[in-house]
Amino acid sequence: MPTPNLLAELSDRLIYSAIAVYALAMLAYAYQAARRSHPVPEDAPRLEAVAAGAHAAVRDPQPPTAGARPAIRDAAARRTERIAAALTTLAFALHLAGVVSRGLAAGRVPWGNMYEFTTAATLAATSAYLVFLRRRQPVRDLGVWVLALVTLCLGLAVTVLYTPAGDLVPALNSYWLVIHVAAAIIAGGVFTVGAAATGLYLLRRRADARDAGGQATRGYAGRLPAGATLERVAHTAHLFAFPVWTFAVLAGAIWAEDSWGRYWGWDPKETWAFITWVLYAAYLHAQSTAGWRGRKAGWLALAGYAAFWFNFVGVNLFITGLHSYAGV
Amino acid sequence: MTEPIGALPGNAVAGAAASRPAGDTLEDTALSHRLEEAARPGVMAVPPRPTGQGLVAWARWAWRTLTSMRTAVLLLLALALAAVPGSLLPQRGVAFDPGAVTRFLADNPVVGPWLDRLGFFEVYSSPWFAAIYLLLMVSMTGCVLPRAARLWQSARAEPPRAPTNLARLDDHRRATVAAERAQILQAAASHLRARRFRVVVEDDSVRAEKGYLREAGNLVFHLSLLVLLFGVAIGSLFGFEGRVIVVEGASFTNTRLQYDEFTPGPLTDAEGLSPFSVTLDDFTARFETAGPQRGSARDFQADLTVLRTPGGAAEKVTVEVNHPLQVEGTKMFLTGHGYAPVVSVTDGRGQTVFSGPVVFVPFDGNLSSEGVIKVPDGQPTQLGFEGFFLPTASVDPAAGPRSLYPDLVDPQLLLTAYTGDLGLGDGAPQSVFRLDKTNLSQVMDGDEPFARALRPGESMTLPDGQGTLTFESVSRFANFQIAHDPGKELSLVAAVALLLGLTVSLAVRRRRVWVRVTAAAGGGGATVEAASYALTRREPVPGELSSLLAALPGAEPGGSGTSPHDRED
């Protein structure tokens, strides 16, 4: 077994390597998005029905003007897409190894301070993206945005937030740290996919509304999947992440009862967890409300995501509260 | 029955706000279910204006508006926004730092009092915050209870008849099967029953429905929120929270008078507290000794002797952070610690007038602490001392006296002295951590204020024989938070039910499946049509229809149809 110091150093190098490969994957996704022609063919078949030839033609409509050049371009774009997915998987593997070795170096779960939480939460975001991709959900256009966020956050983590591996302050020494923070990390990862899909949905929807035909055909938005497709991805992500976030908040309340004697005290961290929860609850209700479905609901989901991040960055760095012990 | 599906569900959604008469057609229920995915029963997104005259019509309109989905979304949004200022402004009775509100008021003499009047320093108990969540609860109840009634009805009703044109549904498939109609229908019914559908077989078709649990989960979730609020209310009405500082060797008995700070609820029985007592035998703290996190706390431990009842058996208990002491429903938590220098003071007559530990309050991570020593029994004049205690002393040229490390490496007590009247005689309450200097004069050493730094065992003698202070040794003290919340068990049950209900309501897809058999056009075998319709906003379960068709006798693999992925609604 290598020494903790060696493991800690290994973890740092793995994270640096992951950042480099993430950046490459992000560039590959960006290149693929730029190369692809209009309009986007519907995504890979998800339901068996598509196998039937007659329908495949209907569901993969090529533009009437489709000639040889777009076909070649699309083939190249698909190749780039496969490369991007492979790079993402490689970066994920490095990232995972980095987080695991950090945990081994510190002899505890690797989410005890801001640096570690950032590396773990970005890992969760990549995992969520890869799970959607593997399940043949139409998420490849999310790739560039999810990876941009992951790369940026990891970059900030190693430069601004870096803390060497070490023991925890007594307040964090509890198995609830494993449960409560893990749930928050998973929810955050899936919310990231939901937020990316929602953002692209809003972009596409706005472009659709501006186009005379009601379907955007030009620019970046015109190359995105249909609004309904993006909205469905976002909805799926939020449906999964919301109960997980609920669990994270409830587990946090149980921990608070165990360590401060009250399960809810409107500490800033608790308050912003509550605000995040309420905004996502509003999103889910708005998705079923005429006049709110679509655009306004989308903005509620993005507001929820912003609240999630503010709870991590803003509350930790700018507001003093009982959760301030985590340190940078 | 007329054409039941008036429009494709996706298109119908666009016109959803339009009012429609209550009816029991497939279209109406299916559509409204779709609209009300998350919570809402037979309520339209925007209720129509009252048509009738008079108060009743308006009251009904107001009620329907309050219980509408749109109002719920707006109230949720309002709740999120209303919670924000409480996290940015200091809060009374909430804050980490109890003096923060007073300081904020002093720093903002213009805006501060207005914010105070509007309840911005007690956001979470302010009338406007309460108004939002109470309206939300009423809106939710008014919506969920009628929905419960409808769930009860629909759980007892049969799945509705198949629409005429199955091809217009979300997911539709057609296959030619070489078998008898009755045989096919029986096979389809048993396939669906095995998957826990509720099934009705008719002459030429099978109708089935599944996923009632979704509605039940939804109901449980929303009702749990009410129970949770009730649990919170019980806790804040009948519970209490208190804080006390206990020095090593000292005792605390759980009566109201012994608390340094006691916050009861309006209905708390403050005289009937659980009568236990504790003695702090020893307090140990361990800190990181090296590396970049040098000085970070690693372990705190309070060794207590506990008497759970007066005159009961003494019991040794260790309390740590995250490991409270529990006596009946009352919990005692370790929340902090600090140092209490032990001093003795002799006055001008040479008599020992004070001896014991004095709590100094830490103000930074290395436990630099400040405090005062009041000696009211001093003669000819009362004595007061003010200064710092530093566990590892240094004097920073800019910041002044500061501790470099939280443990006792080089403990020093830095004091200045005052003589005169401590102001304790008039009965007005005053802080034990502050000197009231109105009638005190500072002891001078020539032109400079008299000031000394003492190590344990050292003494200082005031000029002109006014007295002597000896720094004997250092004790530690522990901060305890003591809390009793009779509503927390109820809240926990509600929280668990809430999570289960939520998960079920989001995971289960409520859907209907129809199978219709007609004679095939060319004779020989039969044409089977299967269609499913999701009553939630999620697409039907992938593969459900194709596995149904594959299970029919004499089925060919495959089958053609549409899936929700083809729709661009």
# chains A, B, ... in the order shown; residues from 1 in each chain; ligands from 1
$ interface_residues --of "chain A" --to "chain B" --cutoff "8 Å" --atoms "only C-alpha atoms" --output "PyMOL selection string"
chain A and resi 47-49+52+59+164+166-171+173-174+226+228-229+239-240+243+246-247+250+258-263+265-268+271-272+274-276+278-279+281-292+319-322
$ select_by_dssp --residues "stretch 42-255 of chain B" --states "strand (DSSP E or B)" --output "JSON, numbers by chain"
{"B": [171, 172, 173, 174, 175, 176, 177, 198, 199, 200, 201, 205, 206, 207, 208, 209, 210, 240, 241, 242, 243, 244, 245, 246, 247, 251, 252, 253]}
$ write_last_selection --atoms "C-alpha atoms" --output "JSON list (two decimals), in the first residue's frame"
[["chain", "number", "residue", "atom", "x", "y", "z"],
["B", 171, "ASP", "CA", -47.57, 4.70, -28.46],
["B", 172, "HIS", "CA", -49.35, 2.53, -30.97],
["B", 173, "ARG", "CA", -48.59, -0.75, -32.67],
["B", 174, "ARG", "CA", -50.32, -3.01, -35.12],
["B", 175, "ALA", "CA", -49.57, -6.67, -35.80],
["B", 176, "THR", "CA", -51.13, -9.56, -37.66],
["B", 177, "VAL", "CA", -51.53, -12.62, -35.53],
["B", 198, "ARG", "CA", -56.13, -3.64, -13.76],
["B", 199, "VAL", "CA", -57.73, -5.36, -16.74],
["B", 200, "VAL", "CA", -61.21, -5.53, -18.26],
["B", 201, "VAL", "CA", -61.85, -7.90, -21.19],
["B", 205, "SER", "CA", -60.81, -5.44, -26.86],
["B", 206, "VAL", "CA", -58.94, -5.35, -23.59],
["B", 207, "ARG", "CA", -58.61, -2.23, -21.51],
["B", 208, "ALA", "CA", -56.10, -1.90, -18.73],
["B", 209, "GLU", "CA", -54.69, 0.68, -16.39],
["B", 210, "LYS", "CA", -51.76, 0.78, -14.02],
["B", 240, "PHE", "CA", -36.88, 25.03, 24.30],
["B", 241, "GLU", "CA", -33.30, 25.76, 23.48],
["B", 242, "GLY", "CA", -30.70, 26.93, 25.92],
["B", 243, "ARG", "CA", -26.99, 27.53, 26.26],
["B", 244, "VAL", "CA", -24.69, 27.18, 29.18],
["B", 245, "ILE", "CA", -20.96, 27.46, 29.83],
["B", 246, "VAL", "CA", -19.51, 24.92, 32.27],
["B", 247, "VAL", "CA", -15.94, 25.23, 33.60],
["B", 251, "SER", "CA", -21.74, 21.52, 37.70],
["B", 252, "PHE", "CA", -24.92, 22.37, 35.87],
["B", 253, "THR", "CA", -28.43, 21.45, 36.94]]
$ residues_around --residues "B:Val317" --least-positions-apart "2" --cutoff "8 Å" --atoms "only C-alpha atoms" --output "list in words"
Asp303, Leu304, Thr305, Val306, Glu315, Val319 and Leu325 of chain B
$ write_last_selection --atoms "N, CA and C atoms" --output "PDB file, in the first residue's frame"
ATOM      1  N   ASP B 303     -15.700  14.990  29.475  1.00  0.00           N
ATOM      2  CA  ASP B 303     -16.021  13.870  30.367  1.00  0.00           C
ATOM      3  C   ASP B 303     -16.928  14.386  31.468  1.00  0.00           C
ATOM      4  N   LEU B 304     -18.114  13.810  31.529  1.00  0.00           N
ATOM      5  CA  LEU B 304     -19.123  14.300  32.459  1.00  0.00           C
ATOM      6  C   LEU B 304     -19.475  13.229  33.482  1.00  0.00           C
ATOM      7  N   THR B 305     -19.859  13.692  34.672  1.00  0.00           N
ATOM      8  CA  THR B 305     -20.551  12.821  35.614  1.00  0.00           C
ATOM      9  C   THR B 305     -22.003  13.254  35.601  1.00  0.00           C
ATOM     10  N   VAL B 306     -22.882  12.325  35.315  1.00  0.00           N
ATOM     11  CA  VAL B 306     -24.281  12.678  35.105  1.00  0.00           C
ATOM     12  C   VAL B 306     -25.150  12.065  36.188  1.00  0.00           C
ATOM     13  N   GLU B 315     -23.115   8.609  36.903  1.00  0.00           N
ATOM     14  CA  GLU B 315     -22.795   7.857  35.701  1.00  0.00           C
ATOM     15  C   GLU B 315     -21.766   8.655  34.921  1.00  0.00           C
ATOM     16  N   VAL B 319     -19.123  13.231  26.239  1.00  0.00           N
ATOM     17  CA  VAL B 319     -19.880  13.928  25.196  1.00  0.00           C
ATOM     18  C   VAL B 319     -18.887  14.516  24.209  1.00  0.00           C
ATOM     19  N   LEU B 325     -25.325  14.088  24.880  1.00  0.00           N
ATOM     20  CA  LEU B 325     -25.888  13.361  26.018  1.00  0.00           C
ATOM     21  C   LEU B 325     -27.399  13.458  25.901  1.00  0.00           C
TER      22      LEU B 325
END
$ closest_residue --among "B:Gln412, B:Phe477, B:Val345, B:Gln382" --to "B:Asn439" --atoms "only C-alpha atoms"
B:Gln382
$ atom_distance --atom1 "atom CA of B:Asp281" --atom2 "atom CA of B:Phe389"
22.2 Å
$ closest_residue --among "B:Ser274, B:Ser547, B:Ser369, B:Gln351" --to "B:Phe433" --atoms "only C-alpha atoms"
B:Ser369
$ select_by_dssp --residues "stretch 149-222 of chain A" --states "helix (DSSP H, G or I)" --output "PyMOL selection string"
chain A and resi 149-159+170-172+175-210+219-222
$ write_last_selection --atoms "N, CA and C atoms" --output "compact mmCIF listing (two decimals), in the first residue's frame"
# COMPACT_ATOMS: atom_id res chain seq x y z
N LEU A 149 -18.24 23.38 -17.94
CA LEU A 149 -18.46 23.66 -16.52
C LEU A 149 -17.51 22.82 -15.65
N VAL A 150 -17.41 21.53 -16.00
CA VAL A 150 -16.56 20.62 -15.23
C VAL A 150 -15.11 21.09 -15.28
N THR A 151 -14.65 21.43 -16.49
CA THR A 151 -13.25 21.87 -16.63
C THR A 151 -13.00 23.15 -15.85
N LEU A 152 -13.92 24.08 -15.97
CA LEU A 152 -13.77 25.35 -15.27
C LEU A 152 -13.74 25.14 -13.75
N CYS A 153 -14.68 24.34 -13.26
CA CYS A 153 -14.76 24.13 -11.80
C CYS A 153 -13.51 23.40 -11.29
N LEU A 154 -13.07 22.41 -12.05
CA LEU A 154 -11.86 21.69 -11.62
C LEU A 154 -10.66 22.62 -11.64
N GLY A 155 -10.61 23.48 -12.66
CA GLY A 155 -9.51 24.44 -12.75
C GLY A 155 -9.50 25.35 -11.53
N LEU A 156 -10.67 25.85 -11.15
CA LEU A 156 -10.75 26.70 -9.96
C LEU A 156 -10.41 25.89 -8.71
N ALA A 157 -10.83 24.62 -8.70
CA ALA A 157 -10.58 23.79 -7.52
C ALA A 157 -9.08 23.65 -7.28
N VAL A 158 -8.32 23.36 -8.34
CA VAL A 158 -6.88 23.12 -8.11
C VAL A 158 -6.12 24.42 -7.88
N THR A 159 -6.64 25.55 -8.38
CA THR A 159 -5.91 26.80 -8.19
C THR A 159 -6.34 27.55 -6.94
N PRO A 170 -13.76 18.30 13.98
CA PRO A 170 -14.62 17.36 14.69
C PRO A 170 -16.08 17.41 14.24
N ALA A 171 -16.56 18.61 13.87
CA ALA A 171 -17.97 18.73 13.51
C ALA A 171 -18.32 17.87 12.31
N LEU A 172 -17.33 17.60 11.44
CA LEU A 172 -17.61 16.81 10.23
C LEU A 172 -17.41 15.32 10.47
N TYR A 175 -20.87 9.79 10.35
CA TYR A 175 -21.23 9.05 9.14
C TYR A 175 -22.25 9.80 8.32
N TRP A 176 -22.89 10.80 8.93
CA TRP A 176 -23.83 11.60 8.14
C TRP A 176 -23.11 12.39 7.06
N LEU A 177 -21.81 12.65 7.28
CA LEU A 177 -21.04 13.33 6.23
C LEU A 177 -21.09 12.50 4.96
N VAL A 178 -20.93 11.17 5.12
CA VAL A 178 -20.96 10.28 3.97
C VAL A 178 -22.32 10.38 3.28
N ILE A 179 -23.39 10.25 4.07
CA ILE A 179 -24.73 10.13 3.51
C ILE A 179 -25.22 11.47 2.95
N HIS A 180 -25.18 12.48 3.80
CA HIS A 180 -25.76 13.79 3.45
C HIS A 180 -25.02 14.43 2.28
N VAL A 181 -23.69 14.46 2.36
CA VAL A 181 -22.95 15.14 1.31
C VAL A 181 -22.95 14.33 0.02
N ALA A 182 -22.91 12.98 0.14
CA ALA A 182 -22.96 12.17 -1.07
C ALA A 182 -24.26 12.43 -1.82
N ALA A 183 -25.36 12.51 -1.11
CA ALA A 183 -26.65 12.77 -1.77
C ALA A 183 -26.64 14.14 -2.43
N ALA A 184 -26.06 15.13 -1.75
CA ALA A 184 -26.00 16.47 -2.34
C ALA A 184 -25.15 16.46 -3.61
N ILE A 185 -24.06 15.68 -3.58
CA ILE A 185 -23.16 15.62 -4.74
C ILE A 185 -23.86 14.96 -5.92
N ILE A 186 -24.56 13.85 -5.66
CA ILE A 186 -25.25 13.15 -6.75
C ILE A 186 -26.33 14.05 -7.34
N ALA A 187 -27.12 14.67 -6.46
CA ALA A 187 -28.17 15.56 -6.94
C ALA A 187 -27.56 16.68 -7.78
N GLY A 188 -26.45 17.24 -7.30
CA GLY A 188 -25.80 18.32 -8.03
C GLY A 188 -25.35 17.88 -9.41
N GLY A 189 -24.80 16.68 -9.50
CA GLY A 189 -24.36 16.16 -10.80
C GLY A 189 -25.50 16.05 -11.77
N VAL A 190 -26.63 15.50 -11.33
CA VAL A 190 -27.76 15.30 -12.24
C VAL A 190 -28.45 16.64 -12.53
N PHE A 191 -28.49 17.52 -11.53
CA PHE A 191 -29.04 18.86 -11.78
C PHE A 191 -28.23 19.57 -12.88
N THR A 192 -26.92 19.27 -12.93
CA THR A 192 -26.08 19.90 -13.95
C THR A 192 -26.55 19.51 -15.35
N VAL A 193 -26.81 18.20 -15.54
CA VAL A 193 -27.32 17.76 -16.84
C VAL A 193 -28.68 18.42 -17.10
N GLY A 194 -29.53 18.47 -16.09
CA GLY A 194 -30.84 19.10 -16.24
C GLY A 194 -30.71 20.57 -16.62
N ALA A 195 -29.75 21.26 -15.98
CA ALA A 195 -29.58 22.69 -16.26
C ALA A 195 -29.05 22.90 -17.67
N ALA A 196 -28.11 22.06 -18.10
CA ALA A 196 -27.57 22.20 -19.46
C ALA A 196 -28.68 21.97 -20.48
N ALA A 197 -29.48 20.92 -20.26
CA ALA A 197 -30.57 20.64 -21.20
C ALA A 197 -31.59 21.77 -21.20
N THR A 198 -31.87 22.31 -20.01
CA THR A 198 -32.83 23.41 -19.93
C THR A 198 -32.31 24.64 -20.66
N GLY A 199 -31.03 24.94 -20.46
CA GLY A 199 -30.44 26.11 -21.12
C GLY A 199 -30.54 25.99 -22.64
N LEU A 200 -30.19 24.80 -23.16
CA LEU A 200 -30.26 24.61 -24.62
C LEU A 200 -31.71 24.63 -25.09
N TYR A 201 -32.60 24.08 -24.25
CA TYR A 201 -34.03 24.11 -24.60
C TYR A 201 -34.49 25.56 -24.77
N LEU A 202 -34.10 26.42 -23.82
CA LEU A 202 -34.54 27.83 -23.89
C LEU A 202 -33.96 28.51 -25.14
N LEU A 203 -32.72 28.17 -25.44
CA LEU A 203 -32.05 28.73 -26.62
C LEU A 203 -32.79 28.32 -27.89
N ARG A 204 -33.07 27.01 -27.96
CA ARG A 204 -33.74 26.47 -29.14
C ARG A 204 -35.14 27.06 -29.26
N ARG A 205 -35.80 27.17 -28.14
CA ARG A 205 -37.17 27.65 -28.16
C ARG A 205 -37.23 29.09 -28.65
N ARG A 206 -36.27 29.89 -28.20
CA ARG A 206 -36.24 31.28 -28.61
C ARG A 206 -35.97 31.38 -30.11
N ALA A 207 -35.05 30.54 -30.59
CA ALA A 207 -34.73 30.56 -32.02
C ALA A 207 -35.94 30.10 -32.83
N ASP A 208 -36.65 29.10 -32.32
CA ASP A 208 -37.86 28.61 -33.01
C ASP A 208 -38.88 29.72 -33.13
N ALA A 209 -39.02 30.47 -32.04
CA ALA A 209 -40.04 31.52 -32.03
C ALA A 209 -39.68 32.63 -33.02
N ARG A 210 -38.37 32.84 -33.24
CA ARG A 210 -37.95 33.91 -34.14
C ARG A 210 -38.05 33.50 -35.59
N GLY A 219 -27.97 28.85 -37.60
CA GLY A 219 -27.18 29.12 -36.41
C GLY A 219 -27.05 27.91 -35.50
N TYR A 220 -26.42 28.16 -34.33
CA TYR A 220 -26.18 27.06 -33.39
C TYR A 220 -27.50 26.43 -32.94
N ALA A 221 -28.49 27.30 -32.63
CA ALA A 221 -29.75 26.78 -32.11
C ALA A 221 -30.42 25.86 -33.11
N GLY A 222 -30.28 26.19 -34.40
CA GLY A 222 -30.91 25.37 -35.43
C GLY A 222 -30.32 23.98 -35.53
$ decode --residues "stretch 457-489 of chain B" --atoms "N, CA and C atoms" --output "short mmCIF file (atom, residue, chain, number, x, y, z; two decimals), in the first residue's frame"
data_model
loop_
_atom_site.label_atom_id
_atom_site.label_comp_id
_atom_site.auth_asym_id
_atom_site.auth_seq_id
_atom_site.Cartn_x
_atom_site.Cartn_y
_atom_site.Cartn_z
N GLY B 457 1.29 31.10 37.74
CA GLY B 457 2.13 31.15 38.93
C GLY B 457 2.61 32.56 39.24
N GLU B 458 2.52 33.47 38.26
CA GLU B 458 3.03 34.83 38.49
C GLU B 458 1.94 35.73 39.08
N SER B 459 2.38 36.78 39.73
CA SER B 459 1.44 37.72 40.36
C SER B 459 1.74 39.12 39.88
N MET B 460 0.76 39.99 40.03
CA MET B 460 1.05 41.41 39.82
C MET B 460 0.45 42.19 40.98
N THR B 461 1.15 43.21 41.39
CA THR B 461 0.70 44.03 42.50
C THR B 461 0.38 45.41 41.97
N LEU B 462 -0.82 45.89 42.29
CA LEU B 462 -1.23 47.20 41.80
C LEU B 462 -0.46 48.28 42.56
N PRO B 463 -0.18 49.43 41.94
CA PRO B 463 0.52 50.52 42.63
C PRO B 463 -0.27 50.97 43.85
N ASP B 464 0.41 51.55 44.80
CA ASP B 464 -0.20 52.13 46.01
C ASP B 464 -0.93 51.10 46.85
N GLY B 465 -0.51 49.82 46.75
CA GLY B 465 -1.10 48.79 47.60
C GLY B 465 -2.57 48.60 47.43
N GLN B 466 -3.05 48.77 46.21
CA GLN B 466 -4.50 48.62 46.02
C GLN B 466 -4.90 47.16 45.90
N GLY B 467 -3.96 46.25 45.71
CA GLY B 467 -4.29 44.84 45.66
C GLY B 467 -3.30 44.06 44.83
N THR B 468 -3.47 42.73 44.84
CA THR B 468 -2.58 41.82 44.11
C THR B 468 -3.43 40.78 43.40
N LEU B 469 -3.04 40.44 42.15
CA LEU B 469 -3.73 39.38 41.41
C LEU B 469 -2.71 38.30 41.08
N THR B 470 -3.06 37.07 41.36
CA THR B 470 -2.19 35.94 41.03
C THR B 470 -2.87 35.06 39.99
N PHE B 471 -2.10 34.77 38.94
CA PHE B 471 -2.59 33.86 37.89
C PHE B 471 -2.17 32.46 38.30
N GLU B 472 -3.12 31.69 38.84
CA GLU B 472 -2.77 30.40 39.44
C GLU B 472 -2.55 29.33 38.38
N SER B 473 -3.54 29.13 37.53
CA SER B 473 -3.47 28.03 36.56
C SER B 473 -4.53 28.27 35.48
N VAL B 474 -4.65 27.33 34.55
CA VAL B 474 -5.65 27.47 33.48
C VAL B 474 -6.60 26.29 33.51
N SER B 475 -7.89 26.58 33.53
CA SER B 475 -8.90 25.54 33.34
C SER B 475 -9.51 25.70 31.96
N ARG B 476 -10.21 24.68 31.51
CA ARG B 476 -10.95 24.82 30.26
C ARG B 476 -12.43 24.88 30.58
N PHE B 477 -13.17 25.49 29.69
CA PHE B 477 -14.63 25.42 29.83
C PHE B 477 -15.22 24.87 28.54
N ALA B 478 -16.44 24.37 28.65
CA ALA B 478 -17.14 23.85 27.47
C ALA B 478 -18.46 24.59 27.32
N ASN B 479 -18.83 24.87 26.05
CA ASN B 479 -20.15 25.43 25.77
C ASN B 479 -21.08 24.27 25.47
N PHE B 480 -22.22 24.30 26.11
CA PHE B 480 -23.21 23.27 25.79
C PHE B 480 -24.48 23.92 25.28
N GLN B 481 -25.07 23.27 24.32
CA GLN B 481 -26.41 23.67 23.89
C GLN B 481 -27.35 22.58 24.36
N ILE B 482 -28.44 22.98 24.99
CA ILE B 482 -29.38 22.00 25.51
C ILE B 482 -30.72 22.23 24.83
N ALA B 483 -31.29 21.19 24.29
CA ALA B 483 -32.50 21.39 23.49
C ALA B 483 -33.51 20.29 23.78
N HIS B 484 -34.76 20.68 23.72
CA HIS B 484 -35.84 19.74 23.89
C HIS B 484 -36.86 20.05 22.81
N ASP B 485 -37.20 19.09 21.97
CA ASP B 485 -38.13 19.33 20.87
C ASP B 485 -39.14 18.19 20.82
N PRO B 486 -40.30 18.37 21.46
CA PRO B 486 -41.27 17.27 21.49
C PRO B 486 -41.89 16.96 20.14
N GLY B 487 -41.65 17.82 19.13
CA GLY B 487 -42.27 17.57 17.82
C GLY B 487 -41.37 16.83 16.86
N LYS B 488 -40.14 16.51 17.30
CA LYS B 488 -39.19 16.04 16.28
C LYS B 488 -39.48 14.62 15.79
N GLU B 489 -40.06 13.78 16.66
CA GLU B 489 -40.37 12.42 16.19
C GLU B 489 -41.43 12.48 15.09
#
